[in-house]
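Here is the structure we will look at, set down as structure tokens.
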Amino acid sequence: MAVDYAVIVVYLAGMLAMGWWGMRRAKSKSDFLVAGRRLGPWMYSGTMAAIVLGGASTIGGVGLGYQYGLSGAWMVVTIGLGLLALSVFFSARIARLKVYTVSEMLDLRYGGRAGIISGVVMWAYTLMLAVTSTIAYATIFDVIFDLDRTVAIVLGGAIVVAYSTLGGMWSITITDMVQFVVKTIGVLLLLLPIAVVKAGGFSEMKAKLPTEYFDPLGIGGETIFTYVLIYTFGMLIGQDIWQRVFTARSDRTARWGGTVAGTYCLVYAVAGAVIGTAAKVMYPKLPSADSAFATIVKDELPVGVRGLVLAAALAAVMSTSSGALIACATVANNDIWSRLRGVIGRGAGVPGATEAAGAGGTGAGGTSADGAAADGAADGGGHDEVRGNRAFILIMGVAVILIAIALNDVVEALTVAYNLLVAGLLVPILGGLLWRRGTAAGALAAVGVGGVAVVVLMVVYGILANEPVYYGLLLSLAVYVVVSLATEPTDPAVLSAWRERLAGRDGHEGGRDGDTSAAGGSAQEPATV
């Protein structure tokens, strides 16, 4: 095991070194939160694939393959389909907005009145996503070093918090790119063929397993539909995903780079299901399906290769964990704290409080035009903005580690997070992008009714039941349409400013941070990655 240990230690040390390198590049808020909005297509594709394919997609995907056969790929397939839909239909418009958070987009679209409520919902989602990703370190480090659960969570979490705090999105981008390469080699090029060969090939797998293991719909239509509702739609609206779209240097990069990443997800989905199916042949009576990945890695892989595949599992968890952490901190600072600070300052008569409230996008009662200007103005603080966001990553990171230590039921926590996200925010976000008649009152009502309904229904039906997200989403949609039609249309000036931003014609943030505007670039083309 000494060689395997060495591979893991070198990998972890490399992650910290890249965090230090990223710190030297993070000179402004835009650098720290969205990598200066200048990632090229290859870097963008790799990092986007890395963040969406986490521990659940890797360890959980193999577990579903072990339990259901090839149809176990559907969970990760729906993630890939969501990323493809986001990239093809929405990413160009999202990238042109030049904002930092989903809530800032809602403020721009609805006139500055939907941000803080949506920010709280998005913060809860990203927090629980970071927590559940961090808990996965316990499984991996138990396989590698036989560590106590708490020690494993602290060790893995501390490394991610360290490199994320140091360099923000630049550090996360570089580490994600390395993690993407490690995952590709470890899972697709090594573990997949070795597992199939060890199981005797596909003919032997078919001979030893029931025919339903090779039925593409064997997992069940209702389960597939629920995956689509939660994961495909979740990809369309999650802050962790949108923040990566904001890193693209152009709308073309966002569209085509995301399409490549989504296609990669589909391949990864099939690979995980095949590995799990092979594990079922070799170990037909494992106590838990989720232990299939760890078992096949420990017992079937040669020295050195085992270390690399375990590093791939670590890479999967770290990429999702770091992406969720910076998203959580960005929302907490820009959408919640800066707005509350502004409200408190105005109440106390502090000069400049209105500007403070808008530092993250728009003030608590600001207009869309205010928010459009505030995004660029926020970078005026230079390193002050970087220090503030760095402090929030550190604070949120410590909170994530503590909650991960205390929390036992990962599946329930993640289900609550996704149910709140989809039922509360899907309709206002997609409605804002697709339906001009949608109003701020309709958006607020949809967030409130959808969020409350899904919580009540989870109490009635159970957290893991499908009904809460079904009915919560339908109620959110009905309330959004009815209230929007019953209230005054959105101010034409707000809609006009919104359309200008979507078209990339306002030159927003161009030149301030060296960004290239979606309309065709600034006078001085920035360096790209």
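Naming scheme: A, B, ... for chains in displayed order of the structure tokens; residues 1 onward per chain; ligands 1 onward as shown.
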
* Fewer than 2 positions away in the same chain doesn't count, so skip those; otherwise give me all residues within 10 Å of Phe141 (chain A), counting only C-alpha atoms, as a VMD selection string. => chain A and resid 136 to 139 143 to 149 151 to 153 155 to 156 310 314

Filtering to C-alpha atoms, could you give me those residues as an mmCIF file, in the first residue's frame?
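Writing done, so here's result.cif:
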data_model
loop_
_atom_site.group_PDB
_atom_site.id
_atom_site.type_symbol
_atom_site.label_atom_id
_atom_site.label_comp_id
_atom_site.auth_asym_id
_atom_site.auth_seq_id
_atom_site.Cartn_x
_atom_site.Cartn_y
_atom_site.Cartn_z
ATOM 1 C CA ALA A 136 -18.126 11.373 1.316
ATOM 2 C CA TYR A 137 -14.512 11.843 2.461
ATOM 3 C CA ALA A 138 -15.255 9.442 5.318
ATOM 4 C CA THR A 139 -15.900 6.593 2.855
ATOM 5 C CA VAL A 143 -10.639 2.725 2.263
ATOM 6 C CA ILE A 144 -7.256 4.438 1.954
ATOM 7 C CA PHE A 145 -6.050 4.985 5.517
ATOM 8 C CA ASP A 146 -8.688 3.292 7.719
ATOM 9 C CA LEU A 147 -9.330 6.651 9.380
ATOM 10 C CA ASP A 148 -11.992 7.526 11.908
ATOM 11 C CA ARG A 149 -15.050 9.187 10.291
ATOM 12 C CA VAL A 151 -10.833 12.683 11.226
ATOM 13 C CA ALA A 152 -11.504 11.809 7.587
ATOM 14 C CA ILE A 153 -14.114 14.569 7.223
ATOM 15 C CA LEU A 155 -8.845 16.126 6.726
ATOM 16 C CA GLY A 156 -10.670 16.158 3.384
ATOM 17 C CA LEU A 310 -8.810 6.250 -5.232
ATOM 18 C CA LEU A 314 -11.196 11.909 -4.135
#

* Of the candidates A:Gly431, A:Gly65, A:Gly168, A:Pro210, which shows the shortest atom-to-atom distance to Phe32 (chain A), using only C-alpha atoms? ->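 Ranked by minimum distance to Phe32 (chain A), first place goes to A:Gly168.
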
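For the set A:Gly258, A:Gly448, A:Gly388, A:Pro287, the residue with the smallest atom-to-atom gap to Ala95 (chain A) is A:Gly258, counting only C-alpha atoms.
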
* Test item, helix (DSSP H, G or I) assignment across region 67-290 of chain A, answer as number ranges by chain -> A: 67-96, 102-110, 115-145, 149-198, 201-208, 211-214, 221-237, 239-245, 251-282, 289-290

* Leaving out Trp256 (chain A) and any residue of its chain fewer than 5 positions from it, which residues lie within 10 Å of it when counting only C-alpha atoms, given as number ranges by chain? -> A: 41-42, 44-45, 84, 87-88, 91-92, 251, 261-262

* Would you list the contacts of region 228-244 of chain A as an MDAnalysis selection string, taking every protein, DNA or RNA residue within 6 Å and counting only C-alpha atoms, but skipping same-chain residues closer than 3 positions in sequence? => chainID A and resid 78:79 82:83 86 102 225 247 323:324 327

Store the residues of this selection in a file with C-alpha atoms, as a PDB file, in the first residue's frame.
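And here is the file that came out, result.pdb:
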ATOM      1  CA  THR A  78     -30.215  13.003 -16.177  1.00  0.00           C
ATOM      2  CA  ILE A  79     -27.399  15.176 -14.796  1.00  0.00           C
ATOM      3  CA  GLY A  82     -29.604  18.886 -17.606  1.00  0.00           C
ATOM      4  CA  LEU A  83     -26.153  20.217 -18.408  1.00  0.00           C
ATOM      5  CA  LEU A  86     -28.514  24.446 -19.867  1.00  0.00           C
ATOM      6  CA  VAL A 102     -28.738  33.496  -9.552  1.00  0.00           C
ATOM      7  CA  PHE A 225     -39.035  10.770 -14.052  1.00  0.00           C
ATOM      8  CA  THR A 247     -16.463  31.896 -15.873  1.00  0.00           C
ATOM      9  CA  GLY A 323     -17.775  24.181  -6.240  1.00  0.00           C
ATOM     10  CA  ALA A 324     -20.616  23.996  -3.724  1.00  0.00           C
ATOM     11  CA  ALA A 327     -21.258  28.962  -4.409  1.00  0.00           C
TER      12      ALA A 327
END

* **Shell of 9 Å around Arg306 (chain A), only C-alpha atoms, local chain residues under 6 positions omitted, as an MDAnalysis selection string** => chainID A and resid 1 4 186 191 297:298 300

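Take the candidates A:Leu477, A:Met458, A:Met15, A:Ala445 and check each one against Tyr163 (chain A) using only C-alpha atoms; the shortest distance goes to A:Met15.
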
For region 285-310 of chain A against region 59-64 of chain A, with a cut-off of 6 Å and counting only C-alpha atoms, what is the closest atom pair and its distance in Å to one decimal for every residue that makes the cut, ordered by chain and number, as CSV?
residue,atom,partner,partner_atom,distance
A:Ala289,CA,A:Gly63,CA,4.7
A:Asp290,CA,A:Gly63,CA,4.5
A:Ala292,CA,A:Gly63,CA,5.9
A:Phe293,CA,A:Ile59,CA,5.8

Mind checking which residues fall within 9 Å of Gly19 (chain A), counting only C-alpha atoms, ignoring those fewer than 5 positions away in the same chain, and posting them as a tab-separated table (two decimals) with all heavy atoms, in the first residue's frame?
chain	number	residue	atom	x	y	z
A	14	GLY	N	-0.57	18.40	-4.21
A	14	GLY	CA	-0.74	19.17	-5.44
A	14	GLY	C	-1.94	20.08	-5.38
A	14	GLY	O	-1.92	21.21	-5.89
A	162	ALA	N	-8.95	25.01	2.36
A	162	ALA	CA	-7.68	25.72	2.24
A	162	ALA	C	-7.46	26.23	0.82
A	162	ALA	O	-7.22	27.43	0.61
A	162	ALA	CB	-6.53	24.81	2.65
A	163	TYR	N	-7.55	25.35	-0.19
A	163	TYR	CA	-7.25	25.84	-1.54
A	163	TYR	C	-8.35	26.73	-2.09
A	163	TYR	O	-8.10	27.63	-2.89
A	163	TYR	CB	-6.88	24.69	-2.49
A	163	TYR	CG	-7.95	23.77	-2.99
A	163	TYR	CD1	-8.94	24.18	-3.88
A	163	TYR	CD2	-7.93	22.42	-2.65
A	163	TYR	CE1	-9.89	23.31	-4.38
A	163	TYR	CE2	-8.88	21.53	-3.14
A	163	TYR	CZ	-9.85	21.97	-4.00
A	163	TYR	OH	-10.78	21.10	-4.51
A	164	SER	N	-9.60	26.51	-1.64
A	164	SER	CA	-10.70	27.39	-2.08
A	164	SER	C	-10.56	28.77	-1.47
A	164	SER	O	-10.80	29.79	-2.14
A	164	SER	CB	-12.05	26.79	-1.69
A	164	SER	OG	-12.23	25.51	-2.26
A	165	THR	N	-10.17	28.85	-0.20
A	165	THR	CA	-10.01	30.13	0.47
A	165	THR	C	-8.83	30.91	-0.11
A	165	THR	O	-8.90	32.13	-0.28
A	165	THR	CB	-9.80	29.92	1.98
A	165	THR	OG1	-10.93	29.22	2.52
A	165	THR	CG2	-9.65	31.25	2.72
A	166	LEU	N	-7.77	30.22	-0.43
A	166	LEU	CA	-6.58	30.91	-0.93
A	166	LEU	C	-6.83	31.60	-2.26
A	166	LEU	O	-6.57	32.80	-2.41
A	166	LEU	CB	-5.43	29.90	-1.08
A	166	LEU	CG	-4.75	29.43	0.20
A	166	LEU	CD1	-3.77	28.30	-0.11
A	166	LEU	CD2	-4.02	30.59	0.88
A	167	GLY	N	-7.31	30.85	-3.25
A	167	GLY	CA	-7.39	31.40	-4.59
A	167	GLY	C	-8.77	31.51	-5.19
A	167	GLY	O	-8.91	31.93	-6.34
A	168	GLY	N	-9.82	31.14	-4.43
A	168	GLY	CA	-11.17	31.26	-4.97
A	168	GLY	C	-11.35	30.44	-6.23
A	168	GLY	O	-10.84	29.32	-6.36
A	170	TRP	N	-10.11	30.73	-9.17
A	170	TRP	CA	-8.91	30.37	-9.94
A	170	TRP	C	-8.32	29.07	-9.40
A	170	TRP	O	-7.96	28.16	-10.16
A	170	TRP	CB	-7.87	31.48	-9.90
A	170	TRP	CG	-7.99	32.46	-11.01
A	170	TRP	CD1	-8.18	33.81	-10.92
A	170	TRP	CD2	-7.95	32.17	-12.42
A	170	TRP	NE1	-8.26	34.38	-12.16
A	170	TRP	CE2	-8.12	33.41	-13.11
A	170	TRP	CE3	-7.79	31.01	-13.17
A	170	TRP	CZ2	-8.13	33.49	-14.50
A	170	TRP	CZ3	-7.80	31.10	-14.56
A	170	TRP	CH2	-7.97	32.33	-15.21
A	171	SER	N	-8.19	28.95	-8.08
A	171	SER	CA	-7.67	27.71	-7.50
A	171	SER	C	-8.59	26.54	-7.81
A	171	SER	O	-8.13	25.45	-8.18
A	171	SER	CB	-7.54	27.86	-5.98
A	171	SER	OG	-6.57	28.82	-5.65
A	172	ILE	N	-9.89	26.77	-7.68
A	172	ILE	CA	-10.85	25.70	-7.92
A	172	ILE	C	-10.83	25.28	-9.38
A	172	ILE	O	-10.94	24.09	-9.71
A	172	ILE	CB	-12.26	26.16	-7.48
A	172	ILE	CG1	-12.30	26.32	-5.96
A	172	ILE	CG2	-13.33	25.17	-7.93
A	172	ILE	CD1	-13.56	26.98	-5.44
A	174	ILE	N	-8.24	25.39	-11.54
A	174	ILE	CA	-7.05	24.60	-11.84
A	174	ILE	C	-7.14	23.22	-11.19
A	174	ILE	O	-6.83	22.20	-11.83
A	174	ILE	CB	-5.78	25.34	-11.36
A	174	ILE	CG1	-5.67	26.70	-12.06
A	174	ILE	CG2	-4.54	24.50	-11.64
A	174	ILE	CD1	-5.64	26.63	-13.56
A	175	THR	N	-7.57	23.18	-9.93
A	175	THR	CA	-7.70	21.87	-9.28
A	175	THR	C	-8.78	21.02	-9.95
A	175	THR	O	-8.61	19.81	-10.11
A	175	THR	CB	-8.03	22.03	-7.78
A	175	THR	OG1	-9.19	22.86	-7.62
A	175	THR	CG2	-6.86	22.65	-7.03

* **Point-to-point distance in Å for CA of Thr126 (chain A) and CA of Ala423 (chain A)** =>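 Computing it gives 15.1 Å between the two atoms.
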
* **8 Å contact set for Gly438 (chain A), only C-alpha atoms, chain neighbours under 4 positions out, as a PyMOL selection string** => chain A and resi 431-432+442-443+480-481+484-485+489-490

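Our summary of the geometry notes that CA of Glu222 (chain A) is positioned 22.6 Å from CA of Leu425 (chain A).
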
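You will find CA of Ile336 (chain A) at 27.6 Å from CA of Ala50 (chain A).
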